[in-house]
Amino acid sequence: MLAAYISHADCARHEMGAQHPECPERLGAIKDHLLIKGLLDYMQPHEAPLVTLDQLGHAHSSLYVRELMDASPREGHHQVDPDTSMNPHTLTAAMRAAGAAVLATDLVVSGEAPTAFCCVRPPGHHAEHAAAMGFCFFNNVVVGLRHALDVHGVERVALIDFDVHHGNGSEDILRNDPRVLMCSIFERGLYPFSGEDTQAKNMINVALPTRSGSQQFREAVTEHWLPALEKFKPQLIYISAGFDAHREDDGGNLGLVEADFEWVTRQLMEVANRHAQGRVISCLEGGYVLSPLARSVAAHVKVLIGAD
């Protein structure tokens with residue numbers, strides 16, 4: 001049984017202007033590298049469906065969804081925040097990205113795929129219950145996660161976020177939900193300037209100092225995430241997989257390398273094998289320099305699909 005690879009051509013039609021780091025070429029670079037490495041030979045391809053309004057309602061307010069739909073431009077760009085804008089194709093791309101997480105959930109929970117990687121954009125972990133921000137419109141991973149909880153009846157789900165930026169949107173939606181344990185690592189002092197002062201009992205946030213590097217990252221995972229995950233015993237694991245902590249990505253300055261993403265994925269797979277029947281769903285978040293992004297995704301996917 002092959003792992004699922006979920007994407008859609010519509011996700012490359014969303015763009016926010018020339019030189020914007022969250023560019024359509026990200027998906028092509030990833031797919032090309034996975035093809036070169038032969039990893040897609042071990043995955044079943046799926047086209048991401050459009051998310052439904054009911055599915056979005058598990059994570060976002062209906063008023064916000066309607067306002068975002070009404071804001072979709074017929075031409076040009078509509079500015080959502082200083083770094084985030086919509087073109088005529090953005091809404092469809094965002095609905096595909098969220099729909100990918102729902103399909104991944106259906107495939108993995110039903111046993112049709114052991115794991116899944118959603119190669120989609122726009123990313124999602126900055127999207128709050130009622131706000132788009134930070135290149136994000138719908139919180140893809142949370143839409144999928146809540147689908148597992150509310151529709152499939154999964155009782156305990158873990159969300160792991162290793163993007164260089166704090167997943168404020170995921171925390172906003174999931175704060176104090178006892179069915180969810182969210183573990184995140186991010187660089188201190190970066191956008192969105194949150195996460196360090198959380199009081200929610202179901203959040204394990206670790207803000208690392210600039211230039212922490214591999215050792216501090218791995219120590220944080222070992223000391224903070226893994227004991228919490230062992231205690232929680234998740235039945236399903238989601239990953240907000242951001243690769244902008246790579247030392248070649250100028251979006252941050254944590255100084256990680258491909259081997260770190262490979263290592264952390266292996267730790268999570270071991271937790272999943274003990275408690276979640278090996279079920280892991282990963283959704284692409286950050287990573288904006290194409291070569292290190294593609295290499296890091298390959299290192300992550302290699303472990304995710306058991307090809308390491």
# chains A, B, ... in the order shown; residues from 1 in each chain; ligands from 1
>>> closest_atom_pairs(of="stretch 219-306 of chain A", to="stretch 151-172 of chain A", cutoff="7 Å", atoms="only C-alpha atoms", output="JSON lines")
{"residue": "A:Pro234", "atom": "CA", "partner": "A:Val157", "partner_atom": "CA", "distance": 5.0}
{"residue": "A:Gln235", "atom": "CA", "partner": "A:Arg156", "partner_atom": "CA", "distance": 5.5}
{"residue": "A:Leu236", "atom": "CA", "partner": "A:Val157", "partner_atom": "CA", "distance": 5.0}
{"residue": "A:Ile237", "atom": "CA", "partner": "A:Ala158", "partner_atom": "CA", "distance": 4.9}
{"residue": "A:Tyr238", "atom": "CA", "partner": "A:Leu159", "partner_atom": "CA", "distance": 4.8}
{"residue": "A:Ile239", "atom": "CA", "partner": "A:Ile160", "partner_atom": "CA", "distance": 4.7}
{"residue": "A:Ser240", "atom": "CA", "partner": "A:Asp161", "partner_atom": "CA", "distance": 4.6}
{"residue": "A:Ala241", "atom": "CA", "partner": "A:Phe162", "partner_atom": "CA", "distance": 6.0}
{"residue": "A:Gly242", "atom": "CA", "partner": "A:Asp163", "partner_atom": "CA", "distance": 3.9}
{"residue": "A:Phe243", "atom": "CA", "partner": "A:Asp163", "partner_atom": "CA", "distance": 6.0}
{"residue": "A:Asp244", "atom": "CA", "partner": "A:Val164", "partner_atom": "CA", "distance": 5.7}
{"residue": "A:Ala245", "atom": "CA", "partner": "A:Val164", "partner_atom": "CA", "distance": 4.8}
{"residue": "A:Gly252", "atom": "CA", "partner": "A:Val164", "partner_atom": "CA", "distance": 6.3}
{"residue": "A:Gly286", "atom": "CA", "partner": "A:Asp163", "partner_atom": "CA", "distance": 6.3}
>>> write_last_selection(atoms="all heavy atoms", output="short mmCIF file (atom, residue, chain, number, x, y, z; two decimals), in the first residue's frame")
data_model
loop_
_atom_site.label_atom_id
_atom_site.label_comp_id
_atom_site.auth_asym_id
_atom_site.auth_seq_id
_atom_site.Cartn_x
_atom_site.Cartn_y
_atom_site.Cartn_z
N PRO A 234 -1.23 10.01 20.69
CA PRO A 234 -2.11 10.40 19.59
C PRO A 234 -2.51 9.21 18.72
O PRO A 234 -1.71 8.31 18.48
CB PRO A 234 -1.26 11.39 18.79
CG PRO A 234 0.15 10.98 19.08
CD PRO A 234 0.14 10.52 20.51
N GLN A 235 -3.74 9.24 18.25
CA GLN A 235 -4.22 8.21 17.33
C GLN A 235 -3.96 8.57 15.88
O GLN A 235 -4.12 7.74 14.99
CB GLN A 235 -5.72 8.00 17.56
CG GLN A 235 -6.05 7.50 18.96
CD GLN A 235 -7.53 7.53 19.24
OE1 GLN A 235 -8.27 8.38 18.71
NE2 GLN A 235 -8.02 6.63 20.09
N LEU A 236 -3.55 9.80 15.63
CA LEU A 236 -3.27 10.30 14.29
C LEU A 236 -2.38 11.52 14.45
O LEU A 236 -2.57 12.32 15.37
CB LEU A 236 -4.58 10.68 13.59
CG LEU A 236 -4.55 11.20 12.15
CD1 LEU A 236 -3.94 10.17 11.21
CD2 LEU A 236 -5.97 11.56 11.69
N ILE A 237 -1.38 11.66 13.58
CA ILE A 237 -0.44 12.78 13.66
C ILE A 237 -0.50 13.58 12.37
O ILE A 237 -0.43 13.03 11.27
CB ILE A 237 1.00 12.30 13.91
CG1 ILE A 237 1.12 11.64 15.29
CG2 ILE A 237 1.99 13.46 13.80
CD1 ILE A 237 2.49 11.06 15.59
N TYR A 238 -0.63 14.90 12.53
CA TYR A 238 -0.54 15.84 11.41
C TYR A 238 0.75 16.64 11.56
O TYR A 238 1.18 16.93 12.68
CB TYR A 238 -1.73 16.81 11.40
CG TYR A 238 -3.02 16.18 10.97
CD1 TYR A 238 -3.79 15.43 11.85
CD2 TYR A 238 -3.51 16.34 9.67
CE1 TYR A 238 -4.98 14.84 11.47
CE2 TYR A 238 -4.70 15.76 9.27
CZ TYR A 238 -5.43 15.01 10.17
OH TYR A 238 -6.62 14.44 9.78
N ILE A 239 1.33 17.01 10.44
CA ILE A 239 2.54 17.83 10.44
C ILE A 239 2.32 19.07 9.59
O ILE A 239 1.94 18.96 8.42
CB ILE A 239 3.75 17.05 9.90
CG1 ILE A 239 4.00 15.78 10.71
CG2 ILE A 239 5.00 17.94 9.91
CD1 ILE A 239 5.11 14.90 10.15
N SER A 240 2.53 20.23 10.19
CA SER A 240 2.69 21.46 9.41
C SER A 240 4.17 21.54 9.08
O SER A 240 4.99 21.93 9.92
CB SER A 240 2.23 22.67 10.23
OG SER A 240 0.84 22.87 10.13
N ALA A 241 4.49 21.16 7.86
CA ALA A 241 5.89 20.95 7.47
C ALA A 241 6.44 22.20 6.78
O ALA A 241 6.25 22.40 5.59
CB ALA A 241 6.00 19.73 6.55
N GLY A 242 7.12 23.02 7.58
CA GLY A 242 7.77 24.20 7.04
C GLY A 242 9.27 23.98 6.95
O GLY A 242 9.86 23.44 7.89
N PHE A 243 9.87 24.41 5.87
CA PHE A 243 11.29 24.15 5.64
C PHE A 243 12.11 25.44 5.54
O PHE A 243 13.23 25.43 5.06
CB PHE A 243 11.45 23.28 4.40
CG PHE A 243 10.72 21.98 4.51
CD1 PHE A 243 9.45 21.83 3.98
CD2 PHE A 243 11.27 20.92 5.20
CE1 PHE A 243 8.75 20.64 4.11
CE2 PHE A 243 10.58 19.72 5.35
CZ PHE A 243 9.32 19.58 4.79
N ASP A 244 11.53 26.55 6.03
CA ASP A 244 12.23 27.83 6.00
C ASP A 244 13.22 27.99 7.15
O ASP A 244 13.86 29.04 7.27
CB ASP A 244 11.26 29.01 5.94
CG ASP A 244 10.04 28.83 6.81
OD1 ASP A 244 9.97 27.85 7.57
OD2 ASP A 244 9.13 29.68 6.74
N ALA A 245 13.33 26.96 8.00
CA ALA A 245 14.39 26.98 9.02
C ALA A 245 15.72 26.49 8.45
O ALA A 245 16.72 26.44 9.17
CB ALA A 245 13.98 26.11 10.22
N GLY A 252 14.52 33.00 7.73
CA GLY A 252 14.81 32.87 9.15
C GLY A 252 16.27 32.57 9.33
O GLY A 252 17.05 32.60 8.38
N GLY A 286 5.98 26.53 5.05
CA GLY A 286 6.96 27.45 4.53
C GLY A 286 8.15 26.78 3.84
O GLY A 286 8.24 25.55 3.75
#
>>> select_by_dssp(residues="stretch 107-257 of chain A", states="helix (DSSP H, G or I)", output="NGL selection string")
:A and (107-110 or 140-150 or 168-174 or 213-232)
>>> residues_around(residues="stretch 211-221 of chain A", least_positions_apart="5", cutoff="7 Å", atoms="only C-alpha atoms", output="PyMOL selection string")
chain A and resi 226+253-256+260
>>> residues_around(residues="A:Gly17", least_positions_apart="6", cutoff="9 Å", atoms="only C-alpha atoms", output="list in words")
Cys23, His77, Ser85 and Asn87 of chain A
>>> write_last_selection(atoms="N, CA, C and O atoms", output="mmCIF file, in the first residue's frame")
data_model
loop_
_atom_site.group_PDB
_atom_site.id
_atom_site.type_symbol
_atom_site.label_atom_id
_atom_site.label_comp_id
_atom_site.auth_asym_id
_atom_site.auth_seq_id
_atom_site.Cartn_x
_atom_site.Cartn_y
_atom_site.Cartn_z
ATOM 1 N N CYS A 23 5.922 31.646 -4.027
ATOM 2 C CA CYS A 23 5.714 31.681 -5.469
ATOM 3 C C CYS A 23 5.232 30.329 -6.004
ATOM 4 O O CYS A 23 5.449 29.285 -5.393
ATOM 5 N N HIS A 77 -5.019 42.180 -8.198
ATOM 6 C CA HIS A 77 -4.793 41.653 -6.859
ATOM 7 C C HIS A 77 -5.631 42.406 -5.834
ATOM 8 O O HIS A 77 -5.844 43.611 -5.966
ATOM 9 N N SER A 85 -1.880 38.669 -0.646
ATOM 10 C CA SER A 85 -2.893 39.184 -1.563
ATOM 11 C C SER A 85 -3.525 38.047 -2.353
ATOM 12 O O SER A 85 -2.983 36.940 -2.427
ATOM 13 N N ASN A 87 -5.205 36.842 -6.108
ATOM 14 C CA ASN A 87 -5.464 37.080 -7.518
ATOM 15 C C ASN A 87 -6.740 36.312 -7.887
ATOM 16 O O ASN A 87 -7.357 35.682 -7.022
#
>>> atom_distance(atom1="atom CA of A:Ala4", atom2="atom CA of A:Met133")
28.4 Å
>>> residues_around(residues="A:Val142", least_positions_apart="4", cutoff="8 Å", atoms="only C-alpha atoms", output="MDAnalysis selection string")
chainID A and resid 59 146 170 173
>>> write_last_selection(atoms="all heavy atoms", output="PDB file, in the first residue's frame")
ATOM      1  N   ALA A  59     -13.053  24.799  11.018  1.00  0.00           N
ATOM      2  CA  ALA A  59     -11.887  25.587  11.427  1.00  0.00           C
ATOM      3  C   ALA A  59     -12.121  27.093  11.364  1.00  0.00           C
ATOM      4  O   ALA A  59     -11.445  27.844  12.079  1.00  0.00           O
ATOM      5  CB  ALA A  59     -10.678  25.233  10.544  1.00  0.00           C
ATOM      6  N   ARG A 146      -9.557  18.688  12.051  1.00  0.00           N
ATOM      7  CA  ARG A 146     -10.907  18.736  12.607  1.00  0.00           C
ATOM      8  C   ARG A 146     -11.847  17.773  11.864  1.00  0.00           C
ATOM      9  O   ARG A 146     -12.803  17.246  12.437  1.00  0.00           O
ATOM     10  CB  ARG A 146     -11.432  20.164  12.550  1.00  0.00           C
ATOM     11  CG  ARG A 146     -10.883  21.062  13.690  1.00  0.00           C
ATOM     12  CD  ARG A 146     -11.651  20.833  14.971  1.00  0.00           C
ATOM     13  NE  ARG A 146     -11.159  21.596  16.098  1.00  0.00           N
ATOM     14  CZ  ARG A 146     -11.418  22.888  16.333  1.00  0.00           C
ATOM     15  NH1 ARG A 146     -12.128  23.591  15.461  1.00  0.00           N
ATOM     16  NH2 ARG A 146     -10.961  23.461  17.422  1.00  0.00           N
ATOM     17  N   SER A 170      -3.041  28.111  13.725  1.00  0.00           N
ATOM     18  CA  SER A 170      -3.387  26.801  14.277  1.00  0.00           C
ATOM     19  C   SER A 170      -3.623  26.903  15.779  1.00  0.00           C
ATOM     20  O   SER A 170      -4.554  26.307  16.321  1.00  0.00           O
ATOM     21  CB  SER A 170      -2.267  25.798  13.978  1.00  0.00           C
ATOM     22  OG  SER A 170      -2.051  25.694  12.586  1.00  0.00           O
ATOM     23  N   ILE A 173      -7.039  28.517  16.595  1.00  0.00           N
ATOM     24  CA  ILE A 173      -8.205  27.650  16.397  1.00  0.00           C
ATOM     25  C   ILE A 173      -8.240  26.501  17.397  1.00  0.00           C
ATOM     26  O   ILE A 173      -9.309  26.119  17.894  1.00  0.00           O
ATOM     27  CB  ILE A 173      -8.218  27.096  14.955  1.00  0.00           C
ATOM     28  CG1 ILE A 173      -8.277  28.241  13.942  1.00  0.00           C
ATOM     29  CG2 ILE A 173      -9.395  26.147  14.742  1.00  0.00           C
ATOM     30  CD1 ILE A 173      -7.994  27.816  12.507  1.00  0.00           C
TER      31      ILE A 173
END
>>> residues_around(residues="A:Pro73", least_positions_apart="5", cutoff="10 Å", atoms="only C-alpha atoms", output="PyMOL selection string")
chain A and resi 78-79+85-91
>>> atom_distance(atom1="atom CA of A:His20", atom2="atom CA of A:Asp83")
8.5 Å
>>> residues_around(residues="stretch 102-111 of chain A", least_positions_apart="6", cutoff="8 Å", atoms="only C-alpha atoms", output="list in words")
Ala4, Ile6, Ala48, Pro49, Val51, Gln55, Phe117, Cys118, Val143, Gly144, Leu145, His147, Ala148, His152, Arg279, Val280 and Ile281 of chain A
>>> closest_residue(among="A:Cys183, A:Leu190, A:Leu68, A:Ala131", to="A:His224", atoms="only C-alpha atoms")
A:Cys183
>>> atom_distance(atom1="atom CA of A:Glu47", atom2="atom CA of A:Arg96")
8.7 Å
>>> closest_residue(among="A:His60, A:Arg26, A:Lys201, A:His8", to="A:Ala228", atoms="only C-alpha atoms")
A:Lys201
